[in-house]
file work_21.csv (CSV, N, CA, C and O atoms)
chain,number,residue,atom,x,y,z
A,14,MET,N,-56.4,94.0,93.1
A,14,MET,CA,-57.3,94.5,94.1
A,14,MET,C,-56.6,94.6,95.5
A,14,MET,O,-55.9,93.6,95.9
A,15,LYS,N,-56.6,95.7,96.1
A,15,LYS,CA,-56.0,95.9,97.5
A,15,LYS,C,-57.0,95.3,98.5
A,15,LYS,O,-58.2,95.4,98.4
A,16,LYS,N,-56.4,94.7,99.5
A,16,LYS,CA,-57.1,94.2,100.6
A,16,LYS,C,-56.9,95.0,101.9
A,16,LYS,O,-55.8,95.3,102.3
A,17,LEU,N,-58.1,95.5,102.4
A,17,LEU,CA,-58.1,96.4,103.6
A,17,LEU,C,-58.6,95.7,104.8
A,17,LEU,O,-59.6,94.9,104.6
A,18,LEU,N,-58.0,95.8,105.9
A,18,LEU,CA,-58.4,95.2,107.1
A,18,LEU,C,-58.9,96.3,108.1
A,18,LEU,O,-58.1,97.2,108.4
A,19,PHE,N,-60.2,96.3,108.5
A,19,PHE,CA,-60.7,97.2,109.4
A,19,PHE,C,-60.6,96.6,110.8
A,19,PHE,O,-61.1,95.5,111.0
A,20,ILE,N,-60.0,97.3,111.7
A,20,ILE,CA,-59.9,96.9,113.1
A,20,ILE,C,-60.7,97.8,114.0
A,20,ILE,O,-60.5,99.0,114.1
A,21,HIS,N,-61.7,97.3,114.6
A,21,HIS,CA,-62.6,98.1,115.5
A,21,HIS,C,-61.9,98.6,116.7
A,21,HIS,O,-60.9,98.0,117.1
A,22,GLY,N,-62.5,99.5,117.4
A,22,GLY,CA,-62.0,100.1,118.6
A,22,GLY,C,-62.3,99.2,119.8
A,22,GLY,O,-63.0,98.2,119.7
A,23,TYR,N,-61.8,99.6,121.0
A,23,TYR,CA,-62.0,98.8,122.2
A,23,TYR,C,-63.5,98.6,122.5
A,23,TYR,O,-64.2,99.6,122.5
A,24,ASN,N,-63.9,97.4,122.7
A,24,ASN,CA,-65.3,97.1,123.0
A,24,ASN,C,-66.2,97.4,121.8
A,24,ASN,O,-67.4,97.5,122.0
A,25,GLY,N,-65.6,97.6,120.7
A,25,GLY,CA,-66.4,97.9,119.5
A,25,GLY,C,-66.9,96.6,118.8
A,25,GLY,O,-66.7,95.5,119.3
A,26,SER,N,-67.4,96.7,117.7
A,26,SER,CA,-67.9,95.6,116.9
A,26,SER,C,-67.2,95.5,115.5
A,26,SER,O,-67.1,96.5,114.9
A,27,PRO,N,-66.9,94.3,115.1
A,27,PRO,CA,-66.2,94.3,113.8
A,27,PRO,C,-67.2,94.7,112.6
A,27,PRO,O,-66.7,95.1,111.6
A,28,TYR,N,-68.5,94.6,112.8
A,28,TYR,CA,-69.4,95.0,111.8
A,28,TYR,C,-70.3,96.2,112.3
A,28,TYR,O,-71.5,96.2,112.0
A,29,GLY,N,-69.8,97.1,113.1
A,29,GLY,CA,-70.5,98.2,113.6
A,29,GLY,C,-70.6,99.4,112.6
A,29,GLY,O,-70.4,99.2,111.4
A,30,ASN,N,-71.0,100.5,113.2
A,30,ASN,CA,-71.2,101.7,112.3
A,30,ASN,C,-70.0,102.1,111.5
A,30,ASN,O,-70.1,102.5,110.4
A,31,SER,N,-68.8,102.1,112.2
A,31,SER,CA,-67.6,102.5,111.5
A,31,SER,C,-67.3,101.6,110.3
A,31,SER,O,-66.9,102.1,109.2
A,32,TYR,N,-67.5,100.3,110.5
A,32,TYR,CA,-67.3,99.4,109.4
A,32,TYR,C,-68.2,99.7,108.3
A,32,TYR,O,-67.8,99.7,107.1
A,33,ASN,N,-69.5,99.9,108.6
A,33,ASN,CA,-70.5,100.1,107.6
A,33,ASN,C,-70.2,101.4,106.8
A,33,ASN,O,-70.4,101.5,105.6
A,34,LEU,N,-69.8,102.5,107.5
A,34,LEU,CA,-69.5,103.7,106.8
A,34,LEU,C,-68.3,103.5,105.9
A,34,LEU,O,-68.3,104.0,104.7
A,35,LEU,N,-67.3,102.8,106.3
A,35,LEU,CA,-66.1,102.6,105.5
A,35,LEU,C,-66.5,101.7,104.3
A,35,LEU,O,-66.1,102.0,103.2
A,36,ASN,N,-67.3,100.7,104.5
A,36,ASN,CA,-67.7,99.8,103.5
A,36,ASN,C,-68.5,100.5,102.4
A,36,ASN,O,-68.4,100.2,101.2
A,37,ASP,N,-69.3,101.5,102.8
A,37,ASP,CA,-70.1,102.3,101.9
A,37,ASP,C,-69.3,103.3,101.1
A,37,ASP,O,-69.6,103.6,100.0
A,38,ALA,N,-68.1,103.7,101.7
A,38,ALA,CA,-67.3,104.7,101.1
A,38,ALA,C,-66.3,104.2,100.1
A,38,ALA,O,-65.8,105.0,99.3
A,39,ILE,N,-65.8,103.0,100.3
A,39,ILE,CA,-64.8,102.5,99.4
A,39,ILE,C,-65.3,102.1,98.0
A,39,ILE,O,-66.4,101.8,97.8
A,40,ASP,N,-64.3,102.1,97.1
A,40,ASP,CA,-64.6,101.7,95.7
A,40,ASP,C,-64.3,100.2,95.7
A,40,ASP,O,-63.2,99.7,95.7
A,41,HIS,N,-65.4,99.4,95.7
A,41,HIS,CA,-65.3,97.9,95.7
A,41,HIS,C,-64.7,97.3,94.5
A,41,HIS,O,-64.3,96.1,94.5
A,42,SER,N,-64.5,98.1,93.4
A,42,SER,CA,-63.8,97.6,92.3
A,42,SER,C,-62.3,97.6,92.5
A,42,SER,O,-61.5,97.0,91.8
A,43,LYS,N,-61.8,98.4,93.5
A,43,LYS,CA,-60.4,98.5,93.8
A,43,LYS,C,-60.0,97.9,95.1
A,43,LYS,O,-58.8,97.6,95.3
A,44,TYR,N,-60.9,97.8,96.0
A,44,TYR,CA,-60.6,97.4,97.4
A,44,TYR,C,-61.6,96.3,97.9
A,44,TYR,O,-62.8,96.3,97.6
A,45,GLU,N,-61.0,95.4,98.6
A,45,GLU,CA,-61.8,94.3,99.3
A,45,GLU,C,-61.6,94.6,100.8
A,45,GLU,O,-60.5,94.7,101.3
A,46,LEU,N,-62.7,94.7,101.5
A,46,LEU,CA,-62.7,95.0,102.9
A,46,LEU,C,-62.9,93.8,103.8
A,46,LEU,O,-63.8,93.0,103.6
A,47,PHE,N,-62.0,93.6,104.8
A,47,PHE,CA,-62.1,92.5,105.7
A,47,PHE,C,-62.2,93.2,107.1
A,47,PHE,O,-61.8,94.3,107.3
A,48,THR,N,-62.6,92.4,108.1
A,48,THR,CA,-62.6,92.8,109.5
A,48,THR,C,-62.4,91.6,110.3
A,48,THR,O,-62.5,90.4,109.9
A,49,ILE,N,-62.0,91.8,111.6
A,49,ILE,CA,-61.7,90.8,112.5
A,49,ILE,C,-62.1,91.2,113.9
A,49,ILE,O,-62.0,92.4,114.2
A,50,ASP,N,-62.5,90.2,114.7
A,50,ASP,CA,-62.8,90.5,116.1
A,50,ASP,C,-61.5,90.0,116.8
A,50,ASP,O,-60.8,89.1,116.4
A,51,TYR,N,-61.3,90.6,117.9
A,51,TYR,CA,-60.1,90.2,118.7
A,51,TYR,C,-60.4,90.3,120.2
A,51,TYR,O,-61.4,90.8,120.6
A,52,ASP,N,-59.5,89.7,121.0
A,52,ASP,CA,-59.6,89.7,122.4
A,52,ASP,C,-59.1,91.0,123.0
A,52,ASP,O,-57.9,91.1,123.3
A,53,ALA,N,-59.9,91.9,123.2
A,53,ALA,CA,-59.5,93.3,123.7
A,53,ALA,C,-58.9,93.2,125.1
A,53,ALA,O,-58.2,94.1,125.5
A,54,ALA,N,-59.2,92.2,125.9
A,54,ALA,CA,-58.7,92.1,127.2
A,54,ALA,C,-57.2,91.7,127.3
A,54,ALA,O,-56.6,91.8,128.3
A,55,ASP,N,-56.7,91.2,126.1
A,55,ASP,CA,-55.3,90.7,126.1
A,55,ASP,C,-54.6,91.4,124.9
A,55,ASP,O,-54.6,90.8,123.8
A,56,PRO,N,-54.0,92.5,125.0
A,56,PRO,CA,-53.4,93.2,123.9
A,56,PRO,C,-52.4,92.4,123.1
A,56,PRO,O,-52.3,92.5,121.9
A,57,GLU,N,-51.5,91.7,123.9
A,57,GLU,CA,-50.5,90.9,123.2
A,57,GLU,C,-51.1,89.8,122.3
A,57,GLU,O,-50.6,89.6,121.2
A,58,ARG,N,-52.1,89.2,122.9
A,58,ARG,CA,-52.8,88.1,122.1
A,58,ARG,C,-53.5,88.7,120.9
A,58,ARG,O,-53.5,88.2,119.8
A,59,SER,N,-54.1,89.9,121.1
A,59,SER,CA,-54.8,90.6,120.0
A,59,SER,C,-53.8,90.9,118.8
A,59,SER,O,-54.1,90.7,117.7
A,60,LEU,N,-52.6,91.4,119.2
A,60,LEU,CA,-51.6,91.7,118.2
A,60,LEU,C,-51.2,90.5,117.4
A,60,LEU,O,-51.1,90.5,116.2
A,61,GLU,N,-51.0,89.4,118.1
A,61,GLU,CA,-50.7,88.1,117.5
A,61,GLU,C,-51.8,87.7,116.5
A,61,GLU,O,-51.5,87.2,115.4
A,62,GLU,N,-53.0,87.8,117.0
A,62,GLU,CA,-54.2,87.3,116.1
A,62,GLU,C,-54.3,88.2,114.9
A,62,GLU,O,-54.5,87.7,113.8
A,63,ILE,N,-54.1,89.5,115.1
A,63,ILE,CA,-54.2,90.4,113.9
A,63,ILE,C,-53.1,90.2,112.9
A,63,ILE,O,-53.3,90.1,111.7
A,64,MET,N,-51.9,90.1,113.4
A,64,MET,CA,-50.7,89.9,112.5
A,64,MET,C,-50.9,88.5,111.8
A,64,MET,O,-50.6,88.5,110.6
A,65,ALA,N,-51.3,87.5,112.4
A,65,ALA,CA,-51.6,86.2,111.8
A,65,ALA,C,-52.6,86.4,110.7
A,65,ALA,O,-52.5,85.8,109.6
A,66,TYR,N,-53.7,87.1,110.9
A,66,TYR,CA,-54.7,87.3,110.0
A,66,TYR,C,-54.2,88.1,108.8
A,66,TYR,O,-54.5,87.8,107.6
A,67,VAL,N,-53.4,89.1,109.0
A,67,VAL,CA,-52.8,89.9,107.9
A,67,VAL,C,-52.0,89.0,107.0
A,67,VAL,O,-52.1,89.1,105.8
A,68,LYS,N,-51.1,88.2,107.6
A,68,LYS,CA,-50.2,87.4,106.8
A,68,LYS,C,-51.0,86.3,106.1
A,68,LYS,O,-50.7,86.1,104.9
A,69,SER,N,-52.0,85.7,106.7
A,69,SER,CA,-52.7,84.6,106.0
A,69,SER,C,-53.7,85.1,104.9
A,69,SER,O,-54.1,84.3,104.1
A,70,ASN,N,-54.1,86.4,105.0
A,70,ASN,CA,-55.0,86.9,104.0
A,70,ASN,C,-54.4,87.9,103.0
A,70,ASN,O,-55.2,88.5,102.2
A,71,GLY,N,-53.1,88.1,103.1
A,71,GLY,CA,-52.5,89.1,102.2
A,71,GLY,C,-53.0,90.5,102.3
A,71,GLY,O,-53.2,91.2,101.3
A,72,ILE,N,-53.2,91.0,103.5
A,72,ILE,CA,-53.8,92.3,103.7
A,72,ILE,C,-52.7,93.3,103.3
A,72,ILE,O,-51.5,93.2,103.6
A,73,ASN,N,-53.1,94.4,102.6
A,73,ASN,CA,-52.3,95.5,102.1
A,73,ASN,C,-52.3,96.7,103.1
A,73,ASN,O,-51.3,97.4,103.1
A,74,MET,N,-53.4,96.9,103.7
A,74,MET,CA,-53.6,98.1,104.6
A,74,MET,C,-54.5,97.8,105.8
A,74,MET,O,-55.4,97.1,105.6
A,75,ILE,N,-54.1,98.4,106.9
A,75,ILE,CA,-54.9,98.2,108.1
A,75,ILE,C,-55.5,99.6,108.4
A,75,ILE,O,-54.8,100.6,108.5
A,76,ILE,N,-56.8,99.6,108.7
A,76,ILE,CA,-57.5,100.8,109.1
A,76,ILE,C,-58.1,100.6,110.5
A,76,ILE,O,-58.8,99.6,110.7
A,77,GLY,N,-57.9,101.4,111.4
A,77,GLY,CA,-58.4,101.2,112.8
A,77,GLY,C,-59.0,102.5,113.3
A,77,GLY,O,-58.8,103.6,112.8

call {"tool": "encode", "arguments": {"input": "work_21.csv", "output": "structure tokens"}}
result
Amino acid sequence: MKKLLFIHGYNGSPYGNSYNLLNDAIDHSKYELFTIDYDAADPERSLEEIMAYVKSNGINMIIG
């Protein structure tokens, strides 16, 4: 099973409309969908947080 990470836009929500549309559209027998909230005010910290999440959860693909 492939692990997908959805990253919301600036000032967006990890579980907003885009996440819900994606969650409804994917084949859950092939993909597992994850999401993360991040500190949008600090891009460098955001990147560190996202990369740590990717590594610790074995994410195969990032969708933003």

call {"tool": "residues_around", "arguments": {"input": "work_21.csv", "residues": "Lys15 in chain A", "least_positions_apart": "2", "cutoff": "4.5 Å", "atoms": "all atoms listed in the file", "output": "short mmCIF file (atom, residue, chain, number, x, y, z; two decimals) with N, CA, C and O atoms, in the coordinates of the input"}}
result
data_model
loop_
_atom_site.label_atom_id
_atom_site.label_comp_id
_atom_site.auth_asym_id
_atom_site.auth_seq_id
_atom_site.Cartn_x
_atom_site.Cartn_y
_atom_site.Cartn_z
N LEU A 17 -58.10 95.50 102.40
CA LEU A 17 -58.10 96.40 103.60
C LEU A 17 -58.60 95.70 104.80
O LEU A 17 -59.60 94.90 104.60
N LYS A 43 -61.80 98.40 93.50
CA LYS A 43 -60.40 98.50 93.80
C LYS A 43 -60.00 97.90 95.10
O LYS A 43 -58.80 97.60 95.30
N TYR A 44 -60.90 97.80 96.00
CA TYR A 44 -60.60 97.40 97.40
C TYR A 44 -61.60 96.30 97.90
O TYR A 44 -62.80 96.30 97.60
N GLU A 45 -61.00 95.40 98.60
CA GLU A 45 -61.80 94.30 99.30
C GLU A 45 -61.60 94.60 100.80
O GLU A 45 -60.50 94.70 101.30
#

call {"tool": "atom_distance", "arguments": {"input": "work_21.csv", "atom1": "atom N of Ile20 in chain A", "atom2": "atom C of Met64 in chain A"}}
result
12.7 Å

call {"tool": "select_by_dssp", "arguments": {"input": "work_21.csv", "residues": "chain A", "states": "strand (DSSP E)", "output": "list in words"}}
result
Lys15, Lys16, Leu17, Leu18, Phe19, Ile20, Tyr44, Glu45, Leu46, Phe47, Thr48, Ile49, Met74, Ile75 and Ile76 of chain A

call {"tool": "residues_near_point", "arguments": {"input": "work_21.csv", "point": "(-63.6, 101.8, 116.4)", "cutoff": "8 Å", "atoms": "all atoms listed in the file", "output": "ChimeraX atom specification"}}
result
/A:20-26,31-32,76-77

call {"tool": "residues_around", "arguments": {"input": "work_21.csv", "residues": "range 65-69 of chain A", "least_positions_apart": "5", "cutoff": "9 Å", "atoms": "only C-alpha atoms", "output": "list in words"}}
result
Leu18, Ile49, Leu60, Met74 and Ile75 of chain A

call {"tool": "select_by_dssp", "arguments": {"input": "work_21.csv", "residues": "chain A", "states": "helix (DSSP H, G or I)", "output": "ChimeraX atom specification"}}
result
/A:30-38,56-70

call {"tool": "write_last_selection", "arguments": {"input": "work_21.csv", "atoms": "N, CA, C and O atoms", "output": "JSON list (two decimals), keeping the file's coordinate frame"}}
result
[["chain", "number", "residue", "atom", "x", "y", "z"],
["A", 30, "ASN", "N", -71.00, 100.50, 113.20],
["A", 30, "ASN", "CA", -71.20, 101.70, 112.30],
["A", 30, "ASN", "C", -70.00, 102.10, 111.50],
["A", 30, "ASN", "O", -70.10, 102.50, 110.40],
["A", 31, "SER", "N", -68.80, 102.10, 112.20],
["A", 31, "SER", "CA", -67.60, 102.50, 111.50],
["A", 31, "SER", "C", -67.30, 101.60, 110.30],
["A", 31, "SER", "O", -66.90, 102.10, 109.20],
["A", 32, "TYR", "N", -67.50, 100.30, 110.50],
["A", 32, "TYR", "CA", -67.30, 99.40, 109.40],
["A", 32, "TYR", "C", -68.20, 99.70, 108.30],
["A", 32, "TYR", "O", -67.80, 99.70, 107.10],
["A", 33, "ASN", "N", -69.50, 99.90, 108.60],
["A", 33, "ASN", "CA", -70.50, 100.10, 107.60],
["A", 33, "ASN", "C", -70.20, 101.40, 106.80],
["A", 33, "ASN", "O", -70.40, 101.50, 105.60],
["A", 34, "LEU", "N", -69.80, 102.50, 107.50],
["A", 34, "LEU", "CA", -69.50, 103.70, 106.80],
["A", 34, "LEU", "C", -68.30, 103.50, 105.90],
["A", 34, "LEU", "O", -68.30, 104.00, 104.70],
["A", 35, "LEU", "N", -67.30, 102.80, 106.30],
["A", 35, "LEU", "CA", -66.10, 102.60, 105.50],
["A", 35, "LEU", "C", -66.50, 101.70, 104.30],
["A", 35, "LEU", "O", -66.10, 102.00, 103.20],
["A", 36, "ASN", "N", -67.30, 100.70, 104.50],
["A", 36, "ASN", "CA", -67.70, 99.80, 103.50],
["A", 36, "ASN", "C", -68.50, 100.50, 102.40],
["A", 36, "ASN", "O", -68.40, 100.20, 101.20],
["A", 37, "ASP", "N", -69.30, 101.50, 102.80],
["A", 37, "ASP", "CA", -70.10, 102.30, 101.90],
["A", 37, "ASP", "C", -69.30, 103.30, 101.10],
["A", 37, "ASP", "O", -69.60, 103.60, 100.00],
["A", 38, "ALA", "N", -68.10, 103.70, 101.70],
["A", 38, "ALA", "CA", -67.30, 104.70, 101.10],
["A", 38, "ALA", "C", -66.30, 104.20, 100.10],
["A", 38, "ALA", "O", -65.80, 105.00, 99.30],
["A", 56, "PRO", "N", -54.00, 92.50, 125.00],
["A", 56, "PRO", "CA", -53.40, 93.20, 123.90],
["A", 56, "PRO", "C", -52.40, 92.40, 123.10],
["A", 56, "PRO", "O", -52.30, 92.50, 121.90],
["A", 57, "GLU", "N", -51.50, 91.70, 123.90],
["A", 57, "GLU", "CA", -50.50, 90.90, 123.20],
["A", 57, "GLU", "C", -51.10, 89.80, 122.30],
["A", 57, "GLU", "O", -50.60, 89.60, 121.20],
["A", 58, "ARG", "N", -52.10, 89.20, 122.90],
["A", 58, "ARG", "CA", -52.80, 88.10, 122.10],
["A", 58, "ARG", "C", -53.50, 88.70, 120.90],
["A", 58, "ARG", "O", -53.50, 88.20, 119.80],
["A", 59, "SER", "N", -54.10, 89.90, 121.10],
["A", 59, "SER", "CA", -54.80, 90.60, 120.00],
["A", 59, "SER", "C", -53.80, 90.90, 118.80],
["A", 59, "SER", "O", -54.10, 90.70, 117.70],
["A", 60, "LEU", "N", -52.60, 91.40, 119.20],
["A", 60, "LEU", "CA", -51.60, 91.70, 118.20],
["A", 60, "LEU", "C", -51.20, 90.50, 117.40],
["A", 60, "LEU", "O", -51.10, 90.50, 116.20],
["A", 61, "GLU", "N", -51.00, 89.40, 118.10],
["A", 61, "GLU", "CA", -50.70, 88.10, 117.50],
["A", 61, "GLU", "C", -51.80, 87.70, 116.50],
["A", 61, "GLU", "O", -51.50, 87.20, 115.40],
["A", 62, "GLU", "N", -53.00, 87.80, 117.00],
["A", 62, "GLU", "CA", -54.20, 87.30, 116.10],
["A", 62, "GLU", "C", -54.30, 88.20, 114.90],
["A", 62, "GLU", "O", -54.50, 87.70, 113.80],
["A", 63, "ILE", "N", -54.10, 89.50, 115.10],
["A", 63, "ILE", "CA", -54.20, 90.40, 113.90],
["A", 63, "ILE", "C", -53.10, 90.20, 112.90],
["A", 63, "ILE", "O", -53.30, 90.10, 111.70],
["A", 64, "MET", "N", -51.90, 90.10, 113.40],
["A", 64, "MET", "CA", -50.70, 89.90, 112.50],
["A", 64, "MET", "C", -50.90, 88.50, 111.80],
["A", 64, "MET", "O", -50.60, 88.50, 110.60],
["A", 65, "ALA", "N", -51.30, 87.50, 112.40],
["A", 65, "ALA", "CA", -51.60, 86.20, 111.80],
["A", 65, "ALA", "C", -52.60, 86.40, 110.70],
["A", 65, "ALA", "O", -52.50, 85.80, 109.60],
["A", 66, "TYR", "N", -53.70, 87.10, 110.90],
["A", 66, "TYR", "CA", -54.70, 87.30, 110.00],
["A", 66, "TYR", "C", -54.20, 88.10, 108.80],
["A", 66, "TYR", "O", -54.50, 87.80, 107.60],
["A", 67, "VAL", "N", -53.40, 89.10, 109.00],
["A", 67, "VAL", "CA", -52.80, 89.90, 107.90],
["A", 67, "VAL", "C", -52.00, 89.00, 107.00],
["A", 67, "VAL", "O", -52.10, 89.10, 105.80],
["A", 68, "LYS", "N", -51.10, 88.20, 107.60],
["A", 68, "LYS", "CA", -50.20, 87.40, 106.80],
["A", 68, "LYS", "C", -51.00, 86.30, 106.10],
["A", 68, "LYS", "O", -50.70, 86.10, 104.90],
["A", 69, "SER", "N", -52.00, 85.70, 106.70],
["A", 69, "SER", "CA", -52.70, 84.60, 106.00],
["A", 69, "SER", "C", -53.70, 85.10, 104.90],
["A", 69, "SER", "O", -54.10, 84.30, 104.10],
["A", 70, "ASN", "N", -54.10, 86.40, 105.00],
["A", 70, "ASN", "CA", -55.00, 86.90, 104.00],
["A", 70, "ASN", "C", -54.40, 87.90, 103.00],
["A", 70, "ASN", "O", -55.20, 88.50, 102.20]]

call {"tool": "atom_distance", "arguments": {"input": "work_21.csv", "atom1": "CA of Asn33 in chain A", "atom2": "CA of Asp50 in chain A"}}
result
15.0 Å

call {"tool": "atom_distance", "arguments": {"input": "work_21.csv", "atom1": "atom N of Thr48 in chain A", "atom2": "atom C of Phe19 in chain A"}}
result
5.4 Å

call {"tool": "residues_near_point", "arguments": {"input": "work_21.csv", "point": "(-65.0, 97.0, 102.9)", "cutoff": "7 Å", "atoms": "only C-alpha atoms", "output": "MDAnalysis selection string"}}
result
chainID A and resid 17 35:36 39 45:47

call {"tool": "write_last_selection", "arguments": {"input": "work_21.csv", "atoms": "N, CA, C and O atoms", "output": "compact mmCIF listing (two decimals), in the frame of the given file"}}
result
# COMPACT_ATOMS: atom_id res chain seq x y z
N LEU A 17 -58.10 95.50 102.40
CA LEU A 17 -58.10 96.40 103.60
C LEU A 17 -58.60 95.70 104.80
O LEU A 17 -59.60 94.90 104.60
N LEU A 35 -67.30 102.80 106.30
CA LEU A 35 -66.10 102.60 105.50
C LEU A 35 -66.50 101.70 104.30
O LEU A 35 -66.10 102.00 103.20
N ASN A 36 -67.30 100.70 104.50
CA ASN A 36 -67.70 99.80 103.50
C ASN A 36 -68.50 100.50 102.40
O ASN A 36 -68.40 100.20 101.20
N ILE A 39 -65.80 103.00 100.30
CA ILE A 39 -64.80 102.50 99.40
C ILE A 39 -65.30 102.10 98.00
O ILE A 39 -66.40 101.80 97.80
N GLU A 45 -61.00 95.40 98.60
CA GLU A 45 -61.80 94.30 99.30
C GLU A 45 -61.60 94.60 100.80
O GLU A 45 -60.50 94.70 101.30
N LEU A 46 -62.70 94.70 101.50
CA LEU A 46 -62.70 95.00 102.90
C LEU A 46 -62.90 93.80 103.80
O LEU A 46 -63.80 93.00 103.60
N PHE A 47 -62.00 93.60 104.80
CA PHE A 47 -62.10 92.50 105.70
C PHE A 47 -62.20 93.20 107.10
O PHE A 47 -61.80 94.30 107.30
